[in-house]
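See below for the structure under consideration.
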Amino acid sequence: MKKKLILIGNGMAGVNAIEQLLKLVPNQYEITVFGSEPHPNYNRILLSSVLAGDASINDIVINDWSWYKENGITLHTGQTVTKIDTKQKTVTTDKGLSASYDDLIIATGSLPFMLPLPGADKEGVIAFRDINDCETMIEAAKKYKRAVVIGGGLLGLEAARGLLNLNMEVSVVHIFRYLMERQLDETASRMLQAELEGQGMQFLLEKNTDSILGAKRVTGVRFKDGTEVKADLVVMAVGIRPNVSLAKESGVEINRGIVVNDYMETNIPNIYAVGECAEHRGVAYGLVAPLFEQGAELAKRLAGVSSEGYQGSVVSTKLKVSGVNVFSAGQFVDAPGTKAFRVQDDFDGVYKKIVVQNGKLIGAVLFGDTSDGSKLFSMIRNGEDISGKEKELILGAQGAGGKSGSGLDFVAAMPNDEIVCGCNGVSKGTILKAIEEKGCTSVGDVKYCTKATGSCGGCKPLVADLLTYALGADGVTAVKEGICGCTALGREEVVTAIRGMKLTTSKEVMNVLGWSNPEGCSKCRPALNYYLGMIWPEEHEDEKESRFVNERNHGNIQKDGTYSVIPRIHGGVTTAEDLKKIADVAVKYNVETVKITGAQRIGLYGIKKEDLPQVWDELDMTSGFAYGKSLRAVKTCVGSTWCRFGTQDSMSMGIELEKRLERISTPAKTKVAVSGCPRNCAEATIKDLGVVAIDGGWEIYVGGNGGTDVRPAELLVKVKTEEEVIEWTLAYFQYYRENANYNERTSKWIERIGLEAVKKALEAQEERAALKERYEFSAGLIEDPWKEIIEQEKLNRNFGVLQPIEITSI
């Protein structure tokens, strides 16, 4: 009979320990995981990428929903464990769920430290710790302009960079005289500050915050010196503290963190702690690499594998701060009894410093070029004697006056259990095993097989050295990344090959064009599916398994795991009959929220996955494609039908455009608007395509974006008739379909190729007619995908079989 193992905390440290345990004893435990957030396990390090708009929540997921299912793990998201009964060996959640355990891991992580300032409880004052904080900042940026980040450490600077990307004015407040004082010396910090000021950040250094100003919502920040700064949003990023309240209430020994021994055991039998909540030999670590090392030792203990236990960690920081590479490790600040060697290149923005004591490297700082970071860190950790080689470490053998040596000596000397990829906890041994057993010959191969280099990418040079060490220089494949890491071919090469070789399936493309990963990845498979459908609208059968999860389920997944259902409402104009259908469905399926969306539609939020087919069947309405890479909606004002300023019938035009544009796939999502006069109430000039009525005609604008990267649309053409609006619109979208990169919004596409190139392509009437014809041909082949889903659901019910759509990532 399997022992019962419960993990409290669905974060990186705890789940990594489970991963290690499954490798050692895959069938020994019945595992249950409780997580307070409504998400599967995700990479908290990459939250700044989500905030900056460089990644979505799905992009930073480490273990998706299917991973838990495949490994027989019961996952309870959105539930916080509030009680541990150490005598009965049970846990209870805030929602009343109880479960028993034989072994228990506490991995509750840490909590952001909020300064106890007057006004800190005002609306608009938040931390930066989880996905919810990211979402709060993204929403705030839509309404407000000025942000203040308190804290000039790593987390604060990443928050500031993300807020800059959201087009906010950002001031960073820091109590010390220079930034990131825990990771950088003053020289490197000043170089970083100059770089960030060039990006648009403002800095208020040596400022001690006194209070948060405002009535209900924050309006500013006051400092101890009496000065003030205006703010609509205040982000506190001043540190973290171990989350120990649950353990403390349960009788587990607490100091700063949960006290553990070398085997991650607490003072209570069968209860363990790992991660930021744990304190080992008086130290609570806040960096990911030590937490993975702890998890590896805990997994051995639970599996019954003998080990020396966790001996503590020498920490290093190697990451990208707002686009700048930085690295530090050990004691990098000058102190009595130490000697330092520095190299500074202001032209290339590179700074390197090592600190030596008694012939041994004890610390290092790198800025701009961090390629030697892993090598230096290993020397620091191993206490290696570098006497006579100090300059060579920074300048290289040739720069130090010697002969050029091989960088492979370092990787050869590394122990197999040394972590190479700190973000994902991948060791040298794991990478070498993938090279030997799975035939990896490139950095991309290693990334696919092990996840190494899959997050910040700082370990790529070391992974490349390991490949050379294992295979020799001739055995390593130097891959130029194309549309993804599976191929060196770019968009134009792939599209040309599809047309020239008449390739009609993704499998054919990947096989004929020599994909390194024969199954493709989550980046190339949706792109290939789109390109094939665009080129061969009749021959290509849509590959639903290559679509993103929202597209496959025909609804946007919400943070609690339910879905939104948004039926099509053409131009924002509906009927009493459709409203009644929506109301009936909302009542029958206990829909939590019914909302008028920003696109003039009605959204039903909180639909269970298994109810989606029945909901669409009973609505009997066209999908609004709120989840797809296609037209989302056409927003309209009431125009000349009702408005005294209206010069044209914008509602009829909007409805006609929406009916002509709906369903068909485009490289990225598109939004359209029609305004009945130049007052532009429908906000047409920040849409992918906007139509504005003028006296005696219409203006068509293209390439706008009202999102995180605001871009006003540019005037494409002025026309006189509604027929011309339709012709130019369809021709424009077909030209976009045929020439843009997959996942490239029209705003980015127009910036890349220039508006004049689009005008030239559409200026000849015969060319517009040909593009319009190709568009209408493709559009005529498309049915509402829900019809197929509903028919399959009815068939399943007739046979007594229910096959709900799986939530899996590709």
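Ordering of the structure tokens sets the chain letters (A, B, ...), residue numbers begin anew at 1 in every chain, and ligands are numbered from 1 in the order given.
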
* Exercise: region 80-91 of chain A partners within 6 Å, only C-alpha atoms, chain neighbours under 2 positions left out, as a PyMOL selection string -> chain A and resi 36+93-94+98-101+250

* **All strand (DSSP E) positions in region 224-303 of chain A, as a VMD selection string** => chain A and resid 228 to 230 233 to 236 240 to 242 258 to 260 271 to 273 278 to 280

* Neighbour list for Thr441 (chain A) as a PyMOL selection string, cut-off 7 Å, only C-alpha atoms, skip fewer than 3 positions in-chain -> chain A and resi 435+445+467+475-477

* **Pairwise distance for CA of Ala682 (chain A) and CA of Lys635 (chain A), rounded to one decimal in Å** => 6.0 Å

* Asked: Which residues come within 12 Å of His76 (chain A), counting only C-alpha atoms, excluding same-chain residues fewer than 4 positions away, as a PyMOL selection string?
  -> chain A and resi 6-10+31-41+65+68-69+80-81+92-95+97-99+560-561

* Expected answer as a PyMOL selection string: alpha helix (DSSP H) residues in region 611-773 of chain A -> chain A and resi 612-619+639-642+650-661+722-739+746-753+755-762+765-773

* To do: Might you pull out every residue within 12 Å of Val443 (chain A), with only C-alpha atoms counted and same-chain residues fewer than 2 positions away left off, and present them as an MDAnalysis selection string?
  => chainID A and resid 431 434:435 439:441 445:454 457 459:468 476:481 485:486 516

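When the distance limit is 9 Å and only C-alpha atoms are what count, the residues near Gly359 (chain A), minus those fewer than 6 positions from it on the same chain, are Glu384, Asp385, Ile386, Ser387, Gly388 and Glu390 of chain A.
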
Prev. selection, all heavy atoms, output as a JSON list (two decimals), in the first residue's frame:
```json
[["chain", "number", "residue", "atom", "x", "y", "z"],
["A", 384, "GLU", "N", 38.78, 26.85, -4.59],
["A", 384, "GLU", "CA", 39.92, 26.53, -5.44],
["A", 384, "GLU", "C", 41.03, 27.58, -5.32],
["A", 384, "GLU", "O", 40.77, 28.78, -5.26],
["A", 384, "GLU", "CB", 39.46, 26.44, -6.90],
["A", 384, "GLU", "CG", 40.51, 26.00, -7.88],
["A", 384, "GLU", "CD", 39.94, 25.82, -9.28],
["A", 384, "GLU", "OE1", 38.74, 25.51, -9.39],
["A", 384, "GLU", "OE2", 40.69, 26.00, -10.25],
["A", 385, "ASP", "N", 42.28, 27.14, -5.25],
["A", 385, "ASP", "CA", 43.43, 28.03, -5.20],
["A", 385, "ASP", "C", 43.71, 28.57, -6.60],
["A", 385, "ASP", "O", 43.94, 27.80, -7.54],
["A", 385, "ASP", "CB", 44.66, 27.28, -4.68],
["A", 385, "ASP", "CG", 45.82, 28.22, -4.34],
["A", 385, "ASP", "OD1", 45.97, 29.24, -5.05],
["A", 385, "ASP", "OD2", 46.57, 27.93, -3.39],
["A", 386, "ILE", "N", 43.68, 29.89, -6.75],
["A", 386, "ILE", "CA", 43.87, 30.48, -8.08],
["A", 386, "ILE", "C", 45.15, 31.32, -8.13],
["A", 386, "ILE", "O", 45.30, 32.17, -9.01],
["A", 386, "ILE", "CB", 42.66, 31.36, -8.47],
["A", 386, "ILE", "CG1", 42.52, 32.53, -7.48],
["A", 386, "ILE", "CG2", 41.39, 30.55, -8.52],
["A", 386, "ILE", "CD1", 41.59, 33.62, -7.97],
["A", 387, "SER", "N", 46.05, 31.08, -7.21],
["A", 387, "SER", "CA", 47.29, 31.86, -7.16],
["A", 387, "SER", "C", 47.98, 31.88, -8.51],
["A", 387, "SER", "O", 48.20, 30.83, -9.13],
["A", 387, "SER", "CB", 48.23, 31.27, -6.10],
["A", 387, "SER", "OG", 47.63, 31.31, -4.83],
["A", 388, "GLY", "N", 48.31, 33.07, -8.98],
["A", 388, "GLY", "CA", 48.99, 33.23, -10.25],
["A", 388, "GLY", "C", 48.06, 33.26, -11.45],
["A", 388, "GLY", "O", 48.49, 33.54, -12.58],
["A", 390, "GLU", "N", 44.94, 34.97, -11.31],
["A", 390, "GLU", "CA", 43.89, 35.94, -11.02],
["A", 390, "GLU", "C", 43.47, 36.74, -12.27],
["A", 390, "GLU", "O", 42.29, 36.86, -12.57],
["A", 390, "GLU", "CB", 44.35, 36.91, -9.92],
["A", 390, "GLU", "CG", 44.61, 36.24, -8.58],
["A", 390, "GLU", "CD", 46.04, 35.73, -8.44],
["A", 390, "GLU", "OE1", 46.78, 35.74, -9.46],
["A", 390, "GLU", "OE2", 46.42, 35.36, -7.32]]
```

* Using only C-alpha atoms, determine which residues lie at most 12 Å from region 342-355 of chain A, disregarding the query and same-chain residues fewer than 5 positions distant; provide the list as JSON, numbers by chain. => {"A": [184, 185, 186, 187, 188, 189, 190, 191, 192, 193, 194, 195, 324, 325, 326, 327, 328, 329, 330, 331, 332, 333, 334, 335, 336, 337, 360, 361, 362, 363, 364, 365, 366, 367, 368, 369, 370, 371, 372, 373, 376, 377, 379, 380, 386, 389, 390, 391, 392, 393, 394, 395, 396, 399]}

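Among the candidates A:Glu70, A:Asp103, A:Glu492, A:Glu249, the one nearest to Tyr742 (chain A) when counting only C-alpha atoms is A:Glu492.
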
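When CA of Leu104 (chain A) is paired with CA of Leu246 (chain A), their separation reads 12.9 Å.
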
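When only C-alpha atoms are used to compute distances to Arg129 (chain A), the closest of the residues A:Val495, A:Val591, A:Ile212, A:Ile240 turns out to be A:Ile240.
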
* To do: One decimal, Å: what's the distance from CA of Ser652 (chain A) over to CA of Met621 (chain A), could you say?
  => 19.5 Å

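The residue that comes closest to Arg217 (chain A), out of A:Val125, A:Leu631, A:Ile753, A:Leu196 and on the basis of only C-alpha atoms, is A:Val125.
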